[in-house]
Amino acid sequence: MTIDMAQFHQVFFEESFEGLDAMESGLLNLDMGDVDEEAINTIFRAAHSIKGGSGTFGFTSVAEFTHVMETLLDEMRDGRRQITQGAIEILLGSVDCLREMLMAIQSGQEIDTVRVAGHKKALDTELDGQGNTTSTLANDSADQCLGESATVIMPATAVQGWRIAFSPHAHLLKTGNDPVRMFRELAELGELSVRVDFQGVPDFHQLDPEECHLSWDLQIIGDISREQIDDVFDWVEEDCDLAVQALTVQQPVTQPSGDVVKDRPEPVAESPEPTEVAPLKAELPAPSRKQHKPVAKNVPARPAGSSSIRVDTEKIDNLINMVGELVITQSMLSLVGEHFSINRLDQLKSGLAQLERHTRELQESVMNIRMLPINFVFTRFPRLVHDLSAKMGKKITLEMTGEQTEVDKTVIELISDPLVHLVRNSLDHGIEMPEQRLAAGKPETGKITLNAYHRGGNIVIEVCDDGRGLDKQKLQAKAIEKGLIEDNMPITEQQIFELIFMPGFSTAEQLSDISGRGVGMDVVRKNIQTLGGNIEIKSEQGQGSVFAIHLPLTLAILDGQSIAVGDETYIVPLVSIIESINVPEDMVNRVAGKGETFRLREEYLPIIRMHEIFSVENVRATKLSEGLVVVVEGQGVRCGLFIDDLLSQQQVVIKSLEANFRRVEGVSGATILGDGSVALILDIPGLVRLSNQQAAKAQQYYAETA
Amino acid sequence: MPKQPEMEHSDAESTRGQSASDAQFLAFVLGSEEYAVDILRVQEIRSWEPVSRIPNVNAYEKGVVNLRGAIVPIIDLRERFNLGLSEYTPVTVVVVLHTRDDSGKQRIMGVVVDAVSDVVDVDTSTVQMTPDFGARVSTEYLNGIVSVGERMVMLLDVDKLLKLDGGNDAREI
């Protein structure tokens, strides 16, 4: 019986991607001169477990590819090979290639074999480059032996490979053995080519699908001992005819020496007959199927994989403790309840207090599970900086601090794109070319700093660079030219920096030396605002700039202000409230057909009457003087909400309204109040849109009736 | 009700649905008409409790309630099918249903009905196609009609019900 391996695939992929990340960061941190052995060991281990895993799951091409990388790393580890920048670049490229292969397999797509072959060739060349150390090149010795130096490398007695005639008896499959799996094992030992003989297969109507009528002729090339071969066939010795014959160097079993590397066949792909696999198809995962699938290249592959999270065991233990406490409290309370008399009131009260404490702690630790260190986003940046700076000919170091700062998983997922954009911008437009830096009296190497820390209930992520900074004059001139601001309008520094968030501010035309600073910055800000955060810029011309992103720690909980409108209760996010005031009637101006506005200091703000816009009945306050106006701001829009009263401030757990219902304009979600009833959370920009729509409708109505 | 086949079906049903020609439906009353939904789609039956109104939605979408932490919309079927207005008393019944939309996403919603009558065993081979008249409910939302004893029961398609709640109908603002 075959175990369904597919259930473990997800874990394998996750672990492999993690391993790849580890390899990547390890490679980037390798110091050419003074090699830290532990660092290489880490890289090696990651490669090794990917190889092992992919072998187990039958992703032969991955296993093979990793094997070559491993060989190279092994030599570096043993100090038999100098670590060069070139080798590291090749390994980095291979990591990318491996990641693509895994992603392709994960999404069931075709592996780009051309690309893989290219990388493999680079690896092989790197290996060959120092051919005199080859005695350790286990499997790849075959390739090299076929080259010119064959006689030098190989001791005359060495076995080059094996030829195996394998004809299982008909009942082999019933013993629980699977030839395909054995071949896979063989393929791990060395280069395997398989030829099947299906002459023994009876006519279709006589065929018993549970019997094996095939026999195979296998050739395996590599430095493999007889024992290794015997190991593979250990379990089936009784059930088959097996003849193993050694191959020597002279035997013309492989290709001519010239193109060995390039034409090197993939063992599974090489086996030319689908017949061999067909009866066993169900047991063969991805690799066999891929042969028959049409090639679908360059399809952006986003595996639909379910989202999962890795949690520190400590957090889980903590949670279990907490639940244990809760259970104890519960049994204590039920004991009190069973024989209740008034003199046990104190016991009840203290039990309830305990229950409250445990519940709160439990809630906190459950929320804590969703918290991941920001490191998950940061890890990709060393590579990004490494690649981009090399491409642009700049010298840049990246410093990261506060990687362990924890933030909600959803926030992590959504923040990474904006952050990449900011870092790219700093690299591209912030840091100057080395010559310019020297001329400006700065060190040749630029510095980008990523910094994360907690402040209040927020996480702050800063992207700093010591580059040229934003050019205020240029920005202002550009804004004037585009008619965004008046020529002689007084404008603060902050307002000037804000300009780069204007959609298309600098995309339309090439802005000489600050070009691109605004490209997509509007998108960045929008993304951050959807997360309930904001972004701040500090910049000193010639000294560098700081982009600081402020984000709420979690999207699941929100500080809310509950408000009363008639008999109904709504929640306004506390962050969007600026102030609450009582507006006397005489401060209100009516703009024809456009509703009411009132003047708050220098600004005219529109008033949105909540009871009108939500058609609430039983309102207490219909005159402005009777209720309150809450000044709120959302996505740059300010307005006053006219409500009956402010209730309490509280933390609310955000629940989706869309999960069972649908989106409702003006409402961003719902929550459950202390009394178990549901309150809707207001969405300020949505409310403004809604009020504009209603005003437009009303205007239309008046126009028609007039 | 057909008594004889019932015994056999009870265990056939537990193994596989298709082989049994018999399914169970929860019947309820709306005005003078009787409707039924697949009992496997019914999560629970609750009494009416006050809802939190949602602004600017159709009048038959009464609002949302907190169902053990989930926000669940409550639909008044009487109003939805233009059978007049309901009066909400503590004995008004809300049937909580599982629905599935086209993408297979599961949703929960509660429907307000006048009263739940009983659970009926329906031999699926006796289900008749809905004639295009008679019922006040548009036949689009019906899977068919069966007779249970003397009564005529209309089988509601729960998933379509979700769609009709799905919103693009005329909204009164």
# chains A, B, ... in the order shown; residues from 1 in each chain; ligands from 1
$ closest_atom_pairs --of "chain A" --to "chain B" --cutoff "7 Å" --atoms "only C-alpha atoms" --output "JSON lines"
{"residue": "A:Phe614", "atom": "CA", "partner": "B:Pro55", "partner_atom": "CA", "distance": 4.9}
{"residue": "A:Ser615", "atom": "CA", "partner": "B:Pro55", "partner_atom": "CA", "distance": 6.9}
{"residue": "A:Leu657", "atom": "CA", "partner": "B:Ile71", "partner_atom": "CA", "distance": 6.4}
{"residue": "A:Ala659", "atom": "CA", "partner": "B:Arg107", "partner_atom": "CA", "distance": 6.7}
{"residue": "A:Asn660", "atom": "CA", "partner": "B:Arg107", "partner_atom": "CA", "distance": 4.8}
{"residue": "A:Phe661", "atom": "CA", "partner": "B:Pro73", "partner_atom": "CA", "distance": 6.1}
{"residue": "A:Ile672", "atom": "CA", "partner": "B:Asn66", "partner_atom": "CA", "distance": 6.9}
{"residue": "A:Gly676", "atom": "CA", "partner": "B:Asn66", "partner_atom": "CA", "distance": 6.7}
{"residue": "A:Ser677", "atom": "CA", "partner": "B:Asn66", "partner_atom": "CA", "distance": 6.2}
{"residue": "A:Val678", "atom": "CA", "partner": "B:Ser52", "partner_atom": "CA", "distance": 5.8}
{"residue": "A:Ala679", "atom": "CA", "partner": "B:Ser52", "partner_atom": "CA", "distance": 6.8}
$ write_last_selection --atoms "C-alpha atoms" --output "mmCIF file, in the first residue's frame"
data_model
loop_
_atom_site.group_PDB
_atom_site.id
_atom_site.type_symbol
_atom_site.label_atom_id
_atom_site.label_comp_id
_atom_site.auth_asym_id
_atom_site.auth_seq_id
_atom_site.Cartn_x
_atom_site.Cartn_y
_atom_site.Cartn_z
ATOM 1 C CA PHE A 614 -28.701 55.792 8.049
ATOM 2 C CA SER A 615 -32.441 56.535 8.268
ATOM 3 C CA LEU A 657 -19.933 41.668 7.957
ATOM 4 C CA ALA A 659 -18.456 36.709 5.879
ATOM 5 C CA ASN A 660 -22.174 36.004 5.992
ATOM 6 C CA PHE A 661 -23.646 39.093 4.425
ATOM 7 C CA ILE A 672 -20.181 42.360 19.498
ATOM 8 C CA GLY A 676 -24.117 40.400 23.227
ATOM 9 C CA SER A 677 -25.718 42.685 20.672
ATOM 10 C CA VAL A 678 -24.092 43.633 17.405
ATOM 11 C CA ALA A 679 -22.816 47.138 16.646
#
$ residues_around --residues "Arg46 in chain B" --least-positions-apart "6" --cutoff "12 Å" --atoms "only C-alpha atoms" --output "VMD selection string"
chain B and resid 65 67 74 90 to 97 109 to 113 115 to 116
$ atom_distance --atom1 "CA of Thr84 in chain A" --atom2 "CA of Val385 in chain A"
19.4 Å
$ atom_distance --atom1 "CA of Phe57 in chain A" --atom2 "CA of Val180 in chain A"
12.2 Å
$ closest_residue --among "A:Val524, A:Ser539, A:Tyr570, A:Thr445" --to "Ser648 in chain A" --atoms "only C-alpha atoms"
A:Tyr570
$ select_by_dssp --residues "range 378-442 of chain A" --states "helix (DSSP H, G or I)" --output "PyMOL selection string"
chain A and resi 378+380-392+409-430+434-439
$ select_by_dssp --residues "range 287-511 of chain A" --states "strand (DSSP E)" --output "MDAnalysis selection string"
chainID A and resid 371:373 396:401 406:408 446:455 458:465
$ residues_around --residues "Val158 in chain B" --least-positions-apart "3" --cutoff "10 Å" --atoms "only C-alpha atoms" --output "list in words"
Ala36, Val37, Asp38, Arg41, Val42, Leu97, His98, Thr99, Arg100, Asp101, Tyr141, Leu142, Asn143, Leu155, Leu161, Leu162 and Lys163 of chain B
$ write_last_selection --atoms "C-alpha atoms" --output "PDB file, in the first residue's frame"
ATOM      1  CA  ALA B  36     -39.596  23.269   3.123  1.00  0.00           C
ATOM      2  CA  VAL B  37     -35.798  23.299   3.080  1.00  0.00           C
ATOM      3  CA  ASP B  38     -33.327  20.441   3.015  1.00  0.00           C
ATOM      4  CA  ARG B  41     -28.888  22.751   5.508  1.00  0.00           C
ATOM      5  CA  VAL B  42     -30.555  23.683   8.770  1.00  0.00           C
ATOM      6  CA  LEU B  97     -29.435  27.911   7.344  1.00  0.00           C
ATOM      7  CA  HIS B  98     -26.157  27.048   5.692  1.00  0.00           C
ATOM      8  CA  THR B  99     -25.863  28.324   2.183  1.00  0.00           C
ATOM      9  CA  ARG B 100     -23.128  27.965  -0.320  1.00  0.00           C
ATOM     10  CA  ASP B 101     -22.383  30.475  -3.034  1.00  0.00           C
ATOM     11  CA  TYR B 141     -36.211  29.840  -5.938  1.00  0.00           C
ATOM     12  CA  LEU B 142     -38.079  26.563  -5.852  1.00  0.00           C
ATOM     13  CA  ASN B 143     -36.684  23.109  -6.430  1.00  0.00           C
ATOM     14  CA  LEU B 155     -39.141  22.971  -1.698  1.00  0.00           C
ATOM     15  CA  LEU B 161     -32.094  32.137  -1.420  1.00  0.00           C
ATOM     16  CA  LEU B 162     -28.660  33.455  -0.641  1.00  0.00           C
ATOM     17  CA  LYS B 163     -28.373  34.926  -4.080  1.00  0.00           C
TER      18      LYS B 163
END
